[in-house]
Number of protein chains: 2
Amino acid sequence: MATIKDIAKHLGIAVSTVSKGLNGASDISDDMRQLVLDTAVEMGYASKKLKANTTRKVCILIENMDYENIGQFGYEIIMGFKLSAAHRRWEVSVIPSDLNMQTAEKYDTYMLKNGFSGAFLLGFSLHDDWVKQLNKTTVPTVLLDNYIPINPHVGYVGTDSVEGISLAVNHLYLLGHKKIAFLNGSKNSMVSDERYQAFIQSMTEHGLVPEEGLIEYGYYVPDCAKYHVPGFLENGATAILCASDLIASGVIVELTKRGLRVPEDISVIGFDDLPLATQLTPPLTTVRQDRTDLGKSAFLLLDGLIHKVSVSKMLLRAKFIERNSTATVNAVTAKAAKP
Amino acid sequence: MATIKDIAKHLGIAVSTVSKGLNGASDISDDMRQLVLDTAVEMGYASKKLKANTTRKVCILIENMDYENIGQFGYEIIMGFKLSAAHRRWEVSVIPSDLNMQTAEKYDTYMLKNGFSGAFLLGFSLHDDWVKQLNKTTVPTVLLDNYIPINPHVGYVGTDSVEGISLAVNHLYLLGHKKIAFLNGSKNSMVSDERYQAFIQSMTEHGLVPEEGLIEYGYYVPDCAKYHVPGFLENGATAILCASDLIASGVIVELTKRGLRVPEDISVIGFDDLPLATQLTPPLTTVRQDRTDLGKSAFLLLDGLIHKVSVSKMLLRAKFIERNSTATVNAVTAKAAKP
């Protein structure tokens, strides 16, 4: 592995300049510091430096996810992570990320420069520059709901979507529903793919037919419901399974607008069990992701990676929570729904 | 949840007798103690008692797996588990299990009676009585390489077979092999199924044809090689991928007997990276399962379950270890192999 001397030789500059660049001294130019850091990362100095790091600092990088108040998806995840980290006396910085940060410098450089021994990435997509760099990173990194193959420095934490969706479909099946619609989250995400597969599999296992007109992709916002609920109703849905509670809240609004009662006329199931779920009318039947445990597990996984235990995947159980938004299939709705 | 009073009332005996039964006092009959314990488990008293347990005792139950010396598969797993447990000041008992133990009493009763807060099960199969009872257990339990659906008290730890097999197939593909045989482990095990699927998928991704006569199931002992190597050779294999280093050692013996050289005439890959792998002639190219990390992770998972963090699955990275039992495909062998 490269030493400070190697870096100095490679760049044809003094060892003291390299040292200043690595340690954030103020008497060299920003350009020179960046050059030193980038070269250090390329030459494999980064992981060595991180290993020697005694400050015990990790960060949570977050984008495309609300987390600032207790009702939002990311809030308890971050709390859980911080709790576990505090137990082991690690300091956690929460850093909102954006595309500018990602184009400004490489992921490994950013981590080295800021002295972080590892990171937990929340809300990133596979298209993000930094995520693309994770195939080769040597920085211990945990992703929520995204999987990077092969690299032993990267792990993935998530909730078992297959069991979650299957619990929901089974519940609707036992209530007599056959025409079950599925409003999924964003297309091109690993979790949406898994949930789609789980839905198809689970329907098939119950002898139900997953119909094309009853499966759609939306976004994790209530507003997406208005584009898909009309089609579901035309195609005779007696129940709508949603990929998040936020989507489900939008679905209930759309159904109510059309004079349909939940659950008497049509059943609705959410996913996540956000605090919102109990506040809806009617209180939402949903699949719980335990977000505090997701955060705790993410830290345990990261701590493992920092100590060279290469866990690639850690899945938490989904839990089915029955409230009041589901009921026995309505004979009239179901009949009207017949093609 | 049931109290000692409830149990006494249900059985029509004195509270003091129930208390004696639960606490292992010697002045009641064995039959009465068993009745009290079984009733306590049935009435849901077990988990309450376990929660109050302050002795911090867990156990490793083991069967069908060698673990007593450093060359054997279970050895480092148990060491890793004990290391992690000691860190958190838990006491670990290693208990060889057998069918008699399992028919003598229920799993939950056994755990309650012995004051264990949780268990790590090694080498059990889905047919074992105690494993069948895991669907409903409330005792925190971790299984190596076996998955129990839904129950939040049970988790699974293992190595990512899909990546492991795919690394091995990719290596052989790059060496020019097309006729790759796969000698899998025992049929009817989750891991064998996963590896079979991974083999098919990986071959197909490389544009290779997985052939029926080149895929067989054996057992995790060298001896099983003799039943399958002849068929592989008849069907033109230029490389044999094995589900364990022990199987691979048997395969090398069979090939050598027939005057074939490894790797000049035919390549062989193992799985596990046991100490044995470096001692074979030639030293074995293999897929490493880090058994110490498996043990450490199993304890972390169990500790999580005991603290109500419902992790269902924890997978470790497989690591490809290139030694000397693989080489570029031999043109002569490959030609002779042509149908």
# chains A, B, ... in the order shown; residues from 1 in each chain; ligands from 1
>>> interface_residues(of="chain A", to="chain B", cutoff="8 Å", atoms="only C-alpha atoms", output="JSON, numbers by chain")
{"A": [149, 150, 152, 160, 163, 293, 309, 310, 311, 312, 313, 314, 315, 316, 317]}
>>> residues_around(residues="A:His228", least_positions_apart="3", cutoff="8 Å", atoms="only C-alpha atoms", output="ChimeraX atom specification")
/A:183,216,224-225,231-232
>>> closest_residue(among="A:Gln133, A:Asn235, A:Glu322, A:Leu274", to="A:Tyr67", atoms="only C-alpha atoms")
A:Leu274
>>> select_by_dssp(residues="stretch 55-218 of chain B", states="helix (DSSP H, G or I)", output="PyMOL selection string")
chain B and resi 73-87+99-104+107-113+129-135+161-174+190-205+212-214
>>> write_last_selection(atoms="C-alpha atoms", output="PDB file, in the first residue's frame")
ATOM      1  CA  PHE B  73     -15.890 -27.007   9.354  1.00  0.00           C
ATOM      2  CA  GLY B  74     -17.579 -26.155  12.653  1.00  0.00           C
ATOM      3  CA  TYR B  75     -14.461 -25.298  14.652  1.00  0.00           C
ATOM      4  CA  GLU B  76     -13.943 -21.663  13.671  1.00  0.00           C
ATOM      5  CA  ILE B  77     -17.673 -20.990  13.584  1.00  0.00           C
ATOM      6  CA  ILE B  78     -17.892 -21.920  17.250  1.00  0.00           C
ATOM      7  CA  MET B  79     -14.731 -19.938  18.070  1.00  0.00           C
ATOM      8  CA  GLY B  80     -16.096 -16.849  16.329  1.00  0.00           C
ATOM      9  CA  PHE B  81     -19.411 -17.168  18.151  1.00  0.00           C
ATOM     10  CA  LYS B  82     -17.695 -17.585  21.520  1.00  0.00           C
ATOM     11  CA  LEU B  83     -15.411 -14.620  20.869  1.00  0.00           C
ATOM     12  CA  SER B  84     -18.303 -12.286  20.154  1.00  0.00           C
ATOM     13  CA  ALA B  85     -20.297 -13.682  23.075  1.00  0.00           C
ATOM     14  CA  ALA B  86     -17.385 -13.223  25.493  1.00  0.00           C
ATOM     15  CA  HIS B  87     -17.083  -9.596  24.409  1.00  0.00           C
ATOM     16  CA  LEU B  99     -32.655 -37.319  17.705  1.00  0.00           C
ATOM     17  CA  ASN B 100     -33.222 -38.727  21.219  1.00  0.00           C
ATOM     18  CA  MET B 101     -32.896 -35.295  22.764  1.00  0.00           C
ATOM     19  CA  GLN B 102     -35.387 -34.015  20.235  1.00  0.00           C
ATOM     20  CA  THR B 103     -37.993 -36.687  20.858  1.00  0.00           C
ATOM     21  CA  ALA B 104     -37.515 -36.504  24.648  1.00  0.00           C
ATOM     22  CA  TYR B 107     -37.334 -27.357  21.954  1.00  0.00           C
ATOM     23  CA  ASP B 108     -38.841 -24.537  24.005  1.00  0.00           C
ATOM     24  CA  THR B 109     -39.078 -26.763  27.078  1.00  0.00           C
ATOM     25  CA  TYR B 110     -35.437 -27.757  26.758  1.00  0.00           C
ATOM     26  CA  MET B 111     -34.353 -24.140  26.508  1.00  0.00           C
ATOM     27  CA  LEU B 112     -36.516 -23.037  29.438  1.00  0.00           C
ATOM     28  CA  LYS B 113     -35.401 -25.903  31.647  1.00  0.00           C
ATOM     29  CA  ASP B 129     -38.229 -32.254  15.115  1.00  0.00           C
ATOM     30  CA  TRP B 130     -36.814 -29.172  16.801  1.00  0.00           C
ATOM     31  CA  VAL B 131     -36.444 -27.325  13.502  1.00  0.00           C
ATOM     32  CA  LYS B 132     -40.085 -28.112  12.673  1.00  0.00           C
ATOM     33  CA  GLN B 133     -41.039 -26.507  16.007  1.00  0.00           C
ATOM     34  CA  LEU B 134     -39.217 -23.282  15.104  1.00  0.00           C
ATOM     35  CA  ASN B 135     -42.219 -21.894  13.236  1.00  0.00           C
ATOM     36  CA  SER B 161     -23.703 -18.953  -2.259  1.00  0.00           C
ATOM     37  CA  VAL B 162     -24.935 -17.144  -5.332  1.00  0.00           C
ATOM     38  CA  GLU B 163     -21.894 -14.873  -5.435  1.00  0.00           C
ATOM     39  CA  GLY B 164     -19.596 -17.732  -4.437  1.00  0.00           C
ATOM     40  CA  ILE B 165     -20.675 -20.073  -7.231  1.00  0.00           C
ATOM     41  CA  SER B 166     -20.738 -17.226  -9.724  1.00  0.00           C
ATOM     42  CA  LEU B 167     -17.121 -16.253  -8.880  1.00  0.00           C
ATOM     43  CA  ALA B 168     -16.031 -19.860  -9.460  1.00  0.00           C
ATOM     44  CA  VAL B 169     -17.903 -20.275 -12.765  1.00  0.00           C
ATOM     45  CA  ASN B 170     -16.575 -16.928 -13.966  1.00  0.00           C
ATOM     46  CA  HIS B 171     -13.000 -18.012 -13.165  1.00  0.00           C
ATOM     47  CA  LEU B 172     -13.405 -21.248 -15.158  1.00  0.00           C
ATOM     48  CA  TYR B 173     -15.066 -19.395 -18.023  1.00  0.00           C
ATOM     49  CA  LEU B 174     -12.105 -17.013 -18.272  1.00  0.00           C
ATOM     50  CA  MET B 190     -31.651 -24.946   1.205  1.00  0.00           C
ATOM     51  CA  VAL B 191     -27.985 -24.272   0.489  1.00  0.00           C
ATOM     52  CA  SER B 192     -27.788 -27.011  -2.176  1.00  0.00           C
ATOM     53  CA  ASP B 193     -30.871 -25.558  -3.863  1.00  0.00           C
ATOM     54  CA  GLU B 194     -29.385 -22.061  -3.826  1.00  0.00           C
ATOM     55  CA  ARG B 195     -26.088 -23.281  -5.232  1.00  0.00           C
ATOM     56  CA  TYR B 196     -27.833 -25.264  -7.932  1.00  0.00           C
ATOM     57  CA  GLN B 197     -29.814 -22.190  -8.990  1.00  0.00           C
ATOM     58  CA  ALA B 198     -26.661 -20.063  -8.845  1.00  0.00           C
ATOM     59  CA  PHE B 199     -24.780 -22.553 -11.022  1.00  0.00           C
ATOM     60  CA  ILE B 200     -27.507 -22.633 -13.678  1.00  0.00           C
ATOM     61  CA  GLN B 201     -27.836 -18.852 -13.648  1.00  0.00           C
ATOM     62  CA  SER B 202     -24.117 -18.228 -13.809  1.00  0.00           C
ATOM     63  CA  MET B 203     -23.494 -20.720 -16.620  1.00  0.00           C
ATOM     64  CA  THR B 204     -26.361 -19.221 -18.604  1.00  0.00           C
ATOM     65  CA  GLU B 205     -25.080 -15.666 -18.078  1.00  0.00           C
ATOM     66  CA  GLU B 212     -27.850 -32.741 -17.029  1.00  0.00           C
ATOM     67  CA  GLY B 213     -25.057 -35.342 -17.006  1.00  0.00           C
ATOM     68  CA  LEU B 214     -22.681 -32.774 -15.517  1.00  0.00           C
TER      69      LEU B 214
END
>>> closest_residue(among="A:Gln289, A:Ser325, A:Asn69, A:Asn188", to="A:Leu241", atoms="only C-alpha atoms")
A:Ser325
>>> select_by_dssp(residues="stretch 54-112 of chain A", states="strand (DSSP E)", output="PyMOL selection string")
chain A and resi 57-62+91-96
>>> write_last_selection(atoms="all heavy atoms", output="JSON list (two decimals), in the first residue's frame")
[["chain", "number", "residue", "atom", "x", "y", "z"],
["A", 57, "LYS", "N", -15.25, 8.38, 13.71],
["A", 57, "LYS", "CA", -16.30, 9.21, 13.10],
["A", 57, "LYS", "C", -16.90, 8.49, 11.89],
["A", 57, "LYS", "O", -16.17, 8.03, 11.02],
["A", 57, "LYS", "CB", -15.70, 10.53, 12.60],
["A", 57, "LYS", "CG", -15.66, 11.64, 13.61],
["A", 57, "LYS", "CD", -14.83, 12.83, 13.11],
["A", 57, "LYS", "CE", -15.37, 13.42, 11.81],
["A", 57, "LYS", "NZ", -14.50, 14.52, 11.29],
["A", 58, "VAL", "N", -18.21, 8.38, 11.87],
["A", 58, "VAL", "CA", -18.88, 7.88, 10.67],
["A", 58, "VAL", "C", -19.94, 8.89, 10.26],
["A", 58, "VAL", "O", -20.25, 9.82, 11.02],
["A", 58, "VAL", "CB", -19.56, 6.50, 10.90],
["A", 58, "VAL", "CG1", -18.53, 5.40, 11.11],
["A", 58, "VAL", "CG2", -20.53, 6.55, 12.07],
["A", 59, "CYS", "N", -20.47, 8.74, 9.05],
["A", 59, "CYS", "CA", -21.51, 9.69, 8.63],
["A", 59, "CYS", "C", -22.71, 8.97, 8.01],
["A", 59, "CYS", "O", -22.61, 7.82, 7.58],
["A", 59, "CYS", "CB", -20.96, 10.72, 7.66],
["A", 59, "CYS", "SG", -20.41, 10.04, 6.09],
["A", 60, "ILE", "N", -23.84, 9.66, 8.06],
["A", 60, "ILE", "CA", -25.02, 9.23, 7.31],
["A", 60, "ILE", "C", -25.18, 10.23, 6.17],
["A", 60, "ILE", "O", -25.33, 11.43, 6.42],
["A", 60, "ILE", "CB", -26.28, 9.25, 8.20],
["A", 60, "ILE", "CG1", -26.13, 8.27, 9.36],
["A", 60, "ILE", "CG2", -27.52, 8.93, 7.37],
["A", 60, "ILE", "CD1", -27.29, 8.31, 10.36],
["A", 61, "LEU", "N", -25.07, 9.77, 4.95],
["A", 61, "LEU", "CA", -25.31, 10.62, 3.79],
["A", 61, "LEU", "C", -26.74, 10.35, 3.34],
["A", 61, "LEU", "O", -27.14, 9.20, 3.18],
["A", 61, "LEU", "CB", -24.33, 10.28, 2.67],
["A", 61, "LEU", "CG", -22.86, 10.58, 2.97],
["A", 61, "LEU", "CD1", -21.95, 9.94, 1.92],
["A", 61, "LEU", "CD2", -22.63, 12.09, 3.01],
["A", 62, "ILE", "N", -27.50, 11.43, 3.12],
["A", 62, "ILE", "CA", -28.93, 11.22, 2.86],
["A", 62, "ILE", "C", -29.41, 12.10, 1.72],
["A", 62, "ILE", "O", -29.01, 13.26, 1.61],
["A", 62, "ILE", "CB", -29.73, 11.44, 4.17],
["A", 62, "ILE", "CG1", -31.20, 11.07, 4.01],
["A", 62, "ILE", "CG2", -29.60, 12.86, 4.69],
["A", 62, "ILE", "CD1", -31.92, 10.89, 5.33],
["A", 91, "GLU", "N", -18.98, 8.76, 16.78],
["A", 91, "GLU", "CA", -19.61, 10.04, 16.50],
["A", 91, "GLU", "C", -20.28, 9.94, 15.12],
["A", 91, "GLU", "O", -19.69, 9.40, 14.19],
["A", 91, "GLU", "CB", -18.50, 11.08, 16.45],
["A", 91, "GLU", "CG", -18.94, 12.51, 16.55],
["A", 91, "GLU", "CD", -17.70, 13.41, 16.44],
["A", 91, "GLU", "OE1", -16.77, 13.28, 17.28],
["A", 91, "GLU", "OE2", -17.67, 14.21, 15.49],
["A", 92, "VAL", "N", -21.50, 10.47, 15.01],
["A", 92, "VAL", "CA", -22.23, 10.37, 13.73],
["A", 92, "VAL", "C", -22.55, 11.76, 13.19],
["A", 92, "VAL", "O", -23.14, 12.58, 13.89],
["A", 92, "VAL", "CB", -23.56, 9.61, 13.92],
["A", 92, "VAL", "CG1", -24.32, 9.52, 12.60],
["A", 92, "VAL", "CG2", -23.32, 8.22, 14.51],
["A", 93, "SER", "N", -22.16, 12.04, 11.95],
["A", 93, "SER", "CA", -22.58, 13.28, 11.28],
["A", 93, "SER", "C", -23.65, 12.94, 10.25],
["A", 93, "SER", "O", -23.49, 12.01, 9.47],
["A", 93, "SER", "CB", -21.42, 13.93, 10.52],
["A", 93, "SER", "OG", -20.31, 14.09, 11.36],
["A", 94, "VAL", "N", -24.75, 13.71, 10.28],
["A", 94, "VAL", "CA", -25.80, 13.51, 9.28],
["A", 94, "VAL", "C", -25.63, 14.58, 8.20],
["A", 94, "VAL", "O", -25.69, 15.78, 8.50],
["A", 94, "VAL", "CB", -27.20, 13.60, 9.92],
["A", 94, "VAL", "CG1", -28.28, 13.44, 8.85],
["A", 94, "VAL", "CG2", -27.35, 12.54, 11.00],
["A", 95, "ILE", "N", -25.41, 14.16, 6.97],
["A", 95, "ILE", "CA", -25.06, 15.09, 5.90],
["A", 95, "ILE", "C", -26.01, 14.93, 4.71],
["A", 95, "ILE", "O", -26.01, 13.90, 4.04],
["A", 95, "ILE", "CB", -23.61, 14.83, 5.43],
["A", 95, "ILE", "CG1", -22.66, 14.97, 6.63],
["A", 95, "ILE", "CG2", -23.23, 15.77, 4.31],
["A", 95, "ILE", "CD1", -21.30, 14.36, 6.40],
["A", 96, "PRO", "N", -26.83, 15.95, 4.46],
["A", 96, "PRO", "CA", -27.67, 15.89, 3.26],
["A", 96, "PRO", "C", -26.76, 15.95, 2.04],
["A", 96, "PRO", "O", -25.87, 16.80, 1.97],
["A", 96, "PRO", "CB", -28.53, 17.15, 3.35],
["A", 96, "PRO", "CG", -28.32, 17.69, 4.74],
["A", 96, "PRO", "CD", -27.00, 17.20, 5.19]]
>>> residues_around(residues="A:Ala237", least_positions_apart="4", cutoff="7 Å", atoms="only C-alpha atoms", output="number ranges by chain")
A: 179-181, 232-233, 337
>>> decode(residues="stretch 191-222 of chain A", atoms="N, CA, C and O atoms", output="PDB file, in the first residue's frame")
ATOM      1  N   VAL A 191     -35.831  -2.353  -4.659  1.00  0.00           N
ATOM      2  CA  VAL A 191     -36.944  -2.706  -3.789  1.00  0.00           C
ATOM      3  C   VAL A 191     -38.240  -2.845  -4.583  1.00  0.00           C
ATOM      4  O   VAL A 191     -39.021  -3.770  -4.344  1.00  0.00           O
ATOM      5  N   SER A 192     -38.472  -1.963  -5.538  1.00  0.00           N
ATOM      6  CA  SER A 192     -39.685  -2.075  -6.356  1.00  0.00           C
ATOM      7  C   SER A 192     -39.673  -3.382  -7.143  1.00  0.00           C
ATOM      8  O   SER A 192     -40.706  -4.052  -7.270  1.00  0.00           O
ATOM      9  N   ASP A 193     -38.525  -3.739  -7.676  1.00  0.00           N
ATOM     10  CA  ASP A 193     -38.410  -5.018  -8.409  1.00  0.00           C
ATOM     11  C   ASP A 193     -38.756  -6.197  -7.500  1.00  0.00           C
ATOM     12  O   ASP A 193     -39.541  -7.064  -7.860  1.00  0.00           O
ATOM     13  N   GLU A 194     -38.153  -6.197  -6.307  1.00  0.00           N
ATOM     14  CA  GLU A 194     -38.394  -7.292  -5.358  1.00  0.00           C
ATOM     15  C   GLU A 194     -39.871  -7.387  -5.001  1.00  0.00           C
ATOM     16  O   GLU A 194     -40.434  -8.472  -4.915  1.00  0.00           O
ATOM     17  N   ARG A 195     -40.479  -6.220  -4.760  1.00  0.00           N
ATOM     18  CA  ARG A 195     -41.885  -6.229  -4.355  1.00  0.00           C
ATOM     19  C   ARG A 195     -42.785  -6.669  -5.496  1.00  0.00           C
ATOM     20  O   ARG A 195     -43.793  -7.344  -5.282  1.00  0.00           O
ATOM     21  N   TYR A 196     -42.417  -6.282  -6.708  1.00  0.00           N
ATOM     22  CA  TYR A 196     -43.172  -6.729  -7.879  1.00  0.00           C
ATOM     23  C   TYR A 196     -43.126  -8.263  -7.973  1.00  0.00           C
ATOM     24  O   TYR A 196     -44.155  -8.918  -8.092  1.00  0.00           O
ATOM     25  N   GLN A 197     -41.922  -8.800  -7.891  1.00  0.00           N
ATOM     26  CA  GLN A 197     -41.762 -10.255  -7.948  1.00  0.00           C
ATOM     27  C   GLN A 197     -42.548 -10.927  -6.829  1.00  0.00           C
ATOM     28  O   GLN A 197     -43.211 -11.949  -7.033  1.00  0.00           O
ATOM     29  N   ALA A 198     -42.451 -10.353  -5.631  1.00  0.00           N
ATOM     30  CA  ALA A 198     -43.141 -10.934  -4.480  1.00  0.00           C
ATOM     31  C   ALA A 198     -44.651 -10.914  -4.687  1.00  0.00           C
ATOM     32  O   ALA A 198     -45.354 -11.858  -4.323  1.00  0.00           O
ATOM     33  N   PHE A 199     -45.155  -9.840  -5.285  1.00  0.00           N
ATOM     34  CA  PHE A 199     -46.592  -9.733  -5.537  1.00  0.00           C
ATOM     35  C   PHE A 199     -47.047 -10.817  -6.511  1.00  0.00           C
ATOM     36  O   PHE A 199     -48.017 -11.536  -6.250  1.00  0.00           O
ATOM     37  N   ILE A 200     -46.325 -10.949  -7.618  1.00  0.00           N
ATOM     38  CA  ILE A 200     -46.665 -11.956  -8.631  1.00  0.00           C
ATOM     39  C   ILE A 200     -46.645 -13.357  -8.003  1.00  0.00           C
ATOM     40  O   ILE A 200     -47.581 -14.144  -8.144  1.00  0.00           O
ATOM     41  N   GLN A 201     -45.569 -13.630  -7.266  1.00  0.00           N
ATOM     42  CA  GLN A 201     -45.387 -14.947  -6.668  1.00  0.00           C
ATOM     43  C   GLN A 201     -46.505 -15.272  -5.676  1.00  0.00           C
ATOM     44  O   GLN A 201     -47.093 -16.348  -5.680  1.00  0.00           O
ATOM     45  N   SER A 202     -46.798 -14.289  -4.846  1.00  0.00           N
ATOM     46  CA  SER A 202     -47.767 -14.482  -3.785  1.00  0.00           C
ATOM     47  C   SER A 202     -49.178 -14.656  -4.358  1.00  0.00           C
ATOM     48  O   SER A 202     -49.948 -15.503  -3.897  1.00  0.00           O
ATOM     49  N   MET A 203     -49.521 -13.852  -5.359  1.00  0.00           N
ATOM     50  CA  MET A 203     -50.831 -13.995  -6.013  1.00  0.00           C
ATOM     51  C   MET A 203     -50.952 -15.398  -6.604  1.00  0.00           C
ATOM     52  O   MET A 203     -51.950 -16.089  -6.409  1.00  0.00           O
ATOM     53  N   THR A 204     -49.902 -15.810  -7.319  1.00  0.00           N
ATOM     54  CA  THR A 204     -49.905 -17.103  -7.996  1.00  0.00           C
ATOM     55  C   THR A 204     -50.048 -18.247  -6.993  1.00  0.00           C
ATOM     56  O   THR A 204     -50.811 -19.179  -7.212  1.00  0.00           O
ATOM     57  N   GLU A 205     -49.319 -18.134  -5.868  1.00  0.00           N
ATOM     58  CA  GLU A 205     -49.400 -19.168  -4.837  1.00  0.00           C
ATOM     59  C   GLU A 205     -50.820 -19.338  -4.300  1.00  0.00           C
ATOM     60  O   GLU A 205     -51.199 -20.408  -3.848  1.00  0.00           O
ATOM     61  N   HIS A 206     -51.587 -18.243  -4.312  1.00  0.00           N
ATOM     62  CA  HIS A 206     -52.960 -18.318  -3.822  1.00  0.00           C
ATOM     63  C   HIS A 206     -53.943 -18.646  -4.944  1.00  0.00           C
ATOM     64  O   HIS A 206     -55.161 -18.559  -4.752  1.00  0.00           O
ATOM     65  N   GLY A 207     -53.418 -18.960  -6.109  1.00  0.00           N
ATOM     66  CA  GLY A 207     -54.292 -19.267  -7.233  1.00  0.00           C
ATOM     67  C   GLY A 207     -54.987 -18.037  -7.798  1.00  0.00           C
ATOM     68  O   GLY A 207     -56.012 -18.141  -8.470  1.00  0.00           O
ATOM     69  N   LEU A 208     -54.449 -16.838  -7.503  1.00  0.00           N
ATOM     70  CA  LEU A 208     -55.034 -15.600  -8.042  1.00  0.00           C
ATOM     71  C   LEU A 208     -54.239 -15.154  -9.267  1.00  0.00           C
ATOM     72  O   LEU A 208     -53.065 -15.490  -9.421  1.00  0.00           O
ATOM     73  N   VAL A 209     -54.907 -14.375 -10.129  1.00  0.00           N
ATOM     74  CA  VAL A 209     -54.239 -13.952 -11.359  1.00  0.00           C
ATOM     75  C   VAL A 209     -53.755 -12.504 -11.227  1.00  0.00           C
ATOM     76  O   VAL A 209     -54.564 -11.597 -11.046  1.00  0.00           O
ATOM     77  N   PRO A 210     -52.436 -12.269 -11.291  1.00  0.00           N
ATOM     78  CA  PRO A 210     -51.957 -10.878 -11.288  1.00  0.00           C
ATOM     79  C   PRO A 210     -52.243 -10.286 -12.669  1.00  0.00           C
ATOM     80  O   PRO A 210     -51.738 -10.800 -13.664  1.00  0.00           O
ATOM     81  N   GLU A 211     -53.089  -9.245 -12.716  1.00  0.00           N
ATOM     82  CA  GLU A 211     -53.496  -8.701 -14.020  1.00  0.00           C
ATOM     83  C   GLU A 211     -52.713  -7.453 -14.372  1.00  0.00           C
ATOM     84  O   GLU A 211     -52.455  -6.607 -13.520  1.00  0.00           O
ATOM     85  N   GLU A 212     -52.415  -7.315 -15.636  1.00  0.00           N
ATOM     86  CA  GLU A 212     -51.607  -6.185 -16.104  1.00  0.00           C
ATOM     87  C   GLU A 212     -52.208  -4.830 -15.705  1.00  0.00           C
ATOM     88  O   GLU A 212     -51.512  -3.969 -15.197  1.00  0.00           O
ATOM     89  N   GLY A 213     -53.503  -4.686 -15.927  1.00  0.00           N
ATOM     90  CA  GLY A 213     -54.155  -3.409 -15.646  1.00  0.00           C
ATOM     91  C   GLY A 213     -54.279  -3.110 -14.159  1.00  0.00           C
ATOM     92  O   GLY A 213     -54.717  -2.029 -13.765  1.00  0.00           O
ATOM     93  N   LEU A 214     -53.884  -4.060 -13.316  1.00  0.00           N
ATOM     94  CA  LEU A 214     -53.988  -3.853 -11.869  1.00  0.00           C
ATOM     95  C   LEU A 214     -52.607  -3.674 -11.217  1.00  0.00           C
ATOM     96  O   LEU A 214     -52.492  -3.666  -9.999  1.00  0.00           O
ATOM     97  N   ILE A 215     -51.565  -3.552 -12.040  1.00  0.00           N
ATOM     98  CA  ILE A 215     -50.223  -3.350 -11.468  1.00  0.00           C
ATOM     99  C   ILE A 215     -49.600  -2.106 -12.079  1.00  0.00           C
ATOM    100  O   ILE A 215     -49.455  -2.004 -13.300  1.00  0.00           O
ATOM    101  N   GLU A 216     -49.268  -1.130 -11.225  1.00  0.00           N
ATOM    102  CA  GLU A 216     -48.682   0.112 -11.739  1.00  0.00           C
ATOM    103  C   GLU A 216     -47.529   0.567 -10.853  1.00  0.00           C
ATOM    104  O   GLU A 216     -47.455   0.191  -9.687  1.00  0.00           O
ATOM    105  N   TYR A 217     -46.640   1.372 -11.415  1.00  0.00           N
ATOM    106  CA  TYR A 217     -45.572   2.012 -10.645  1.00  0.00           C
ATOM    107  C   TYR A 217     -45.918   3.477 -10.430  1.00  0.00           C
ATOM    108  O   TYR A 217     -46.422   4.137 -11.338  1.00  0.00           O
ATOM    109  N   GLY A 218     -45.659   3.990  -9.221  1.00  0.00           N
ATOM    110  CA  GLY A 218     -45.900   5.395  -8.940  1.00  0.00           C
ATOM    111  C   GLY A 218     -44.656   6.027  -8.356  1.00  0.00           C
ATOM    112  O   GLY A 218     -43.535   5.704  -8.763  1.00  0.00           O
ATOM    113  N   TYR A 219     -44.854   6.946  -7.393  1.00  0.00           N
ATOM    114  CA  TYR A 219     -43.744   7.511  -6.634  1.00  0.00           C
ATOM    115  C   TYR A 219     -44.158   7.504  -5.185  1.00  0.00           C
ATOM    116  O   TYR A 219     -45.339   7.342  -4.886  1.00  0.00           O
ATOM    117  N   TYR A 220     -43.208   7.714  -4.290  1.00  0.00           N
ATOM    118  CA  TYR A 220     -43.539   7.636  -2.867  1.00  0.00           C
ATOM    119  C   TYR A 220     -44.189   8.918  -2.350  1.00  0.00           C
ATOM    120  O   TYR A 220     -43.771   9.460  -1.345  1.00  0.00           O
ATOM    121  N   VAL A 221     -45.196   9.405  -3.075  1.00  0.00           N
ATOM    122  CA  VAL A 221     -45.956  10.586  -2.644  1.00  0.00           C
ATOM    123  C   VAL A 221     -47.438  10.308  -2.856  1.00  0.00           C
ATOM    124  O   VAL A 221     -47.801   9.577  -3.785  1.00  0.00           O
ATOM    125  N   PRO A 222     -48.297  10.904  -2.005  1.00  0.00           N
ATOM    126  CA  PRO A 222     -49.737  10.649  -2.107  1.00  0.00           C
ATOM    127  C   PRO A 222     -50.271  10.986  -3.499  1.00  0.00           C
ATOM    128  O   PRO A 222     -51.156  10.315  -4.022  1.00  0.00           O
TER     129      PRO A 222
END
